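Each remark here refers to the structure printed beneath this line.
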Amino acid sequence: MVYIFAGTGQAGSAIVDDVFGHRRVSTPAAPLVFNSTIRDLRNLSNVSEAHQYGIAERHGLVERGTPGFEEQVTGGFGRNPVQADQVMESHREELLDKLSAHFDEPDGTPGDIPFAFVCLGLGGGTGCGIAPHVAEAIKEYTDGVAQVIGVAVLPNTKGPVAEDDEQISAGRQAWNTVYGLDRLEETVDGVILVDNQRLAYEDAAEGRFSEYNEYVASGLVDLISGSTLERIDPGEYDDVDPPVVDLQDVVTSLSFDTRGTNARPGYATLGRSVTMTRSLLGYLLPFVGGQSVDSSALPRLAASKRTLSEASPDDAEKAIGLVRAPVEYVSGGSKGIETSTMRRFLESKSPEVNMGVALTRRNLASFTSLYTYRRENVDRITEIEERADEYERQNEARQVA
């Protein structure tokens, strides 16, 4: 069994790279990245070249180690997702071949892939255009068994709608976003949104993107790995029987009408908070310096650090949370975390809640949450759709003139 993390375009590849830079990432996970520029691939430090592919109009999918790679993968799609979509459409069989090469069993049967994450940026060209094809190919390769979660980065759309000679306009980025989302939701079971506009008001925001990616990657690693993250068996401890959430629970929390014929992906915001369970003195002297954990503060802080600022947790239709802590904090002792307090916080925000507890050997406690909405109830997407419509009207007016 293996989980796929597929990065498409610059933003998606960067998130996958940070996931595999995480020291605690679960070993069954496997990366694949697809990009149209060699520069972005060179920036990856945690995904081996054997799992990197360039995409070019003439040459299709090109393995990173191919002789002459740099001459074949010469540049992106000019922020044009339609072109990237068309190129990938014409090379779909190659994509299936690559999945077979990486994941087939020795006897030639398809590998066991129950879940996959497809990460992309929505403001540019490559990720918007090719991510839906990657998700669809994973579904096809697994004969519909794999459940696919999209991790989609929304662009900052506070700038001018009109085109700018220096950089892509906010209007064009909004149009690209709608184009990408419309196609992505046809192929995935749920979408986790990461909004770059959250950084738009900060000084030196450009320097914060790597920290933001690491924050998102840490949340994903917590959610995907559950109690298997550090290979800790709760059965080894007396009086410890924590509730568990697994990836199927995450997918259920990200989807609507999962048992019916009108299944629809939900759109979620991710939040994560962390507190240390041992003071500095505790690192120097064993059995000294243990600190209590504020059970009400962790879920509140995670909600405040959500990746979609304009989505209120109070409007969420579903919520899932995972608390991770050392065994002495979940065994009901004097330092025990009050998980019922955390659950009540989630239940005060959403009518459908799932919560689990996982153990860690690290001296920290964390709470990771997802709040899920229907697309039409996400104000940020509505705002982007309005900007995209305005951009189209301006383009039509220029063409008439």
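To be explicit about the labels: the chains of the structure tokens are called A, B, and onward in the order shown, and within each one the residues are counted from 1, while ligands get numbers from 1 in the order they are shown.
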Exercise for review: May I have the residues within 12 Å of Leu96 in chain A as an MDAnalysis selection string, using only C-alpha atoms and disregarding those fewer than 3 positions away in the same chain?
Suggested key: chainID A and resid 61 88:89 91:93 99:104 110 133:143
Point to revise | Selected residue, from A:Val378, A:Leu298, A:Ile130, A:Ala319, that lies nearest to Leu254 in chain A when counting only C-alpha atoms | key: A:Ala319
Check your understanding: Looking at A:Gly127, A:Pro81, A:Ile55, A:Gly68, which one is nearest to Ser13 in chain A, with distances taken over only C-alpha atoms?
Key ->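 When distances to Ser13 in chain A are compared using only C-alpha atoms, the smallest one comes from A:Gly127.
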Check your understanding: What lies within 10 Å of range 323-339 of chain A using only C-alpha atoms, ignoring chain neighbours under 4 positions off, as a VMD selection string?
Key -> chain A and resid 222 to 223 226 to 227 232 234 237 to 244 272 to 277 290 to 296 298 to 299 343 to 345 355 to 369
Review point. Interatomic distance between CA of Ala316 in chain A and CA of Thr269 in chain A?
Key: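 Distance reported for this atom pair: 9.6 Å.
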Review point. What does the distance from CA of Thr37 in chain A to CA of Thr74 in chain A come to in Å, to one decimal?
Key: 6.4 Å
**Study point:** Nearest-residue call for Ser350 in chain A, choices A:Pro114, A:Pro31, A:Gly321, A:Gly123, using only C-alpha atoms
**Key:**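 The shortest atom-to-atom distance to Ser350 in chain A comes from A:Gly321.
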Check your understanding: Out of A:Arg393, A:Arg375, A:Arg398, A:Arg300, which residue has the shortest atom-to-atom distance to Thr341 in chain A when counting only C-alpha atoms?
Key -> A:Arg300
Revision key, fill the gap. Taken to one decimal, the CA of Leu308 in chain A-CA of Ser169 in chain A distance is 21.2 Å
Exercise for review: Kindly indicate which residue among A:Asp249, A:Ile384, A:Val33, A:Asn395 lies nearest to Leu322 in chain A, using only C-alpha atoms for the distances.
Suggested key: A:Asp249
Using backbone DSSP assignments, extract all strand (DSSP E or B) residues from range 42-171 of chain A; output them as an mmCIF file with N, CA, C and O atoms, in the first residue's frame.
data_model
loop_
_atom_site.group_PDB
_atom_site.id
_atom_site.type_symbol
_atom_site.label_atom_id
_atom_site.label_comp_id
_atom_site.auth_asym_id
_atom_site.auth_seq_id
_atom_site.Cartn_x
_atom_site.Cartn_y
_atom_site.Cartn_z
ATOM 1 N N GLN A 52 10.741 13.055 -10.545
ATOM 2 C CA GLN A 52 10.471 14.359 -11.134
ATOM 3 C C GLN A 52 10.253 14.228 -12.639
ATOM 4 O O GLN A 52 10.983 13.499 -13.311
ATOM 5 N N TYR A 53 9.265 14.976 -13.146
ATOM 6 C CA TYR A 53 8.969 14.964 -14.580
ATOM 7 C C TYR A 53 8.770 16.386 -15.085
ATOM 8 O O TYR A 53 8.106 17.205 -14.435
ATOM 9 N N GLY A 54 9.373 16.640 -16.232
ATOM 10 C CA GLY A 54 9.077 17.872 -16.944
ATOM 11 C C GLY A 54 7.960 17.618 -17.937
ATOM 12 O O GLY A 54 7.745 16.476 -18.367
ATOM 13 N N ILE A 55 7.237 18.664 -18.294
ATOM 14 C CA ILE A 55 6.197 18.536 -19.308
ATOM 15 C C ILE A 55 6.401 19.631 -20.343
ATOM 16 O O ILE A 55 6.596 20.800 -20.008
ATOM 17 N N ALA A 56 6.432 19.214 -21.603
ATOM 18 C CA ALA A 56 6.680 20.141 -22.703
ATOM 19 C C ALA A 56 5.746 19.805 -23.853
ATOM 20 O O ALA A 56 5.365 18.641 -24.048
ATOM 21 N N GLY A 60 6.167 15.994 -24.439
ATOM 22 C CA GLY A 60 5.310 15.342 -23.453
ATOM 23 C C GLY A 60 5.967 15.268 -22.089
ATOM 24 O O GLY A 60 6.625 16.212 -21.646
ATOM 25 N N LEU A 61 5.809 14.136 -21.392
ATOM 26 C CA LEU A 61 6.413 13.945 -20.077
ATOM 27 C C LEU A 61 7.841 13.453 -20.232
ATOM 28 O O LEU A 61 8.092 12.436 -20.886
ATOM 29 N N VAL A 62 8.766 14.169 -19.618
ATOM 30 C CA VAL A 62 10.190 13.859 -19.751
ATOM 31 C C VAL A 62 10.758 13.606 -18.367
ATOM 32 O O VAL A 62 10.672 14.462 -17.479
ATOM 33 N N GLU A 63 11.323 12.427 -18.150
ATOM 34 C CA GLU A 63 11.939 12.126 -16.863
ATOM 35 C C GLU A 63 13.131 13.036 -16.626
ATOM 36 O O GLU A 63 13.903 13.335 -17.541
ATOM 37 N N PHE A 115 -5.248 6.133 -1.375
ATOM 38 C CA PHE A 115 -5.433 7.578 -1.270
ATOM 39 C C PHE A 115 -4.316 8.299 -2.025
ATOM 40 O O PHE A 115 -3.194 7.798 -2.144
ATOM 41 N N ALA A 116 -4.645 9.494 -2.503
ATOM 42 C CA ALA A 116 -3.648 10.326 -3.168
ATOM 43 C C ALA A 116 -3.961 11.787 -2.905
ATOM 44 O O ALA A 116 -5.131 12.179 -2.752
ATOM 45 N N PHE A 117 -2.916 12.583 -2.846
ATOM 46 C CA PHE A 117 -3.036 14.035 -2.740
ATOM 47 C C PHE A 117 -2.472 14.643 -4.016
ATOM 48 O O PHE A 117 -1.359 14.287 -4.436
ATOM 49 N N VAL A 118 -3.220 15.547 -4.623
ATOM 50 C CA VAL A 118 -2.740 16.269 -5.799
ATOM 51 C C VAL A 118 -2.666 17.746 -5.418
ATOM 52 O O VAL A 118 -3.683 18.369 -5.104
ATOM 53 N N CYS A 119 -1.455 18.284 -5.403
ATOM 54 C CA CYS A 119 -1.219 19.654 -4.944
ATOM 55 C C CYS A 119 -0.975 20.573 -6.143
ATOM 56 O O CYS A 119 -0.275 20.196 -7.085
ATOM 57 N N LEU A 120 -1.532 21.769 -6.080
ATOM 58 C CA LEU A 120 -1.420 22.689 -7.211
ATOM 59 C C LEU A 120 -1.622 24.125 -6.764
ATOM 60 O O LEU A 120 -2.257 24.398 -5.743
ATOM 61 N N GLY A 121 -1.061 25.044 -7.548
ATOM 62 C CA GLY A 121 -1.373 26.459 -7.416
ATOM 63 C C GLY A 121 -2.414 26.814 -8.462
ATOM 64 O O GLY A 121 -2.359 26.340 -9.597
ATOM 65 N N GLN A 147 -8.971 7.326 -3.587
ATOM 66 C CA GLN A 147 -9.683 8.556 -3.284
ATOM 67 C C GLN A 147 -8.669 9.692 -3.294
ATOM 68 O O GLN A 147 -7.596 9.585 -2.693
ATOM 69 N N VAL A 148 -9.010 10.759 -3.973
ATOM 70 C CA VAL A 148 -8.048 11.812 -4.252
ATOM 71 C C VAL A 148 -8.462 13.116 -3.573
ATOM 72 O O VAL A 148 -9.613 13.557 -3.699
ATOM 73 N N ILE A 149 -7.526 13.702 -2.858
ATOM 74 C CA ILE A 149 -7.728 14.993 -2.204
ATOM 75 C C ILE A 149 -6.882 16.032 -2.926
ATOM 76 O O ILE A 149 -5.677 15.844 -3.117
ATOM 77 N N GLY A 150 -7.499 17.124 -3.339
ATOM 78 C CA GLY A 150 -6.757 18.225 -3.924
ATOM 79 C C GLY A 150 -6.302 19.182 -2.832
ATOM 80 O O GLY A 150 -7.056 19.474 -1.893
ATOM 81 N N VAL A 151 -5.063 19.649 -2.930
ATOM 82 C CA VAL A 151 -4.547 20.695 -2.042
ATOM 83 C C VAL A 151 -4.251 21.880 -2.949
ATOM 84 O O VAL A 151 -3.274 21.874 -3.706
ATOM 85 N N ALA A 152 -5.131 22.879 -2.926
ATOM 86 C CA ALA A 152 -5.123 23.933 -3.934
ATOM 87 C C ALA A 152 -4.793 25.284 -3.311
ATOM 88 O O ALA A 152 -5.413 25.694 -2.321
ATOM 89 N N VAL A 153 -3.823 25.978 -3.905
ATOM 90 C CA VAL A 153 -3.357 27.270 -3.409
ATOM 91 C C VAL A 153 -4.059 28.383 -4.178
ATOM 92 O O VAL A 153 -3.896 28.509 -5.400
ATOM 93 N N LEU A 154 -4.847 29.197 -3.466
ATOM 94 C CA LEU A 154 -5.505 30.346 -4.070
ATOM 95 C C LEU A 154 -4.530 31.507 -4.182
ATOM 96 O O LEU A 154 -3.752 31.769 -3.260
#
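Among the candidate residues A:Arg306, A:Arg374, A:Gly111, A:Glu347, the one lying nearest to Glu185 in chain A is A:Arg374, with distances computed using only C-alpha atoms.
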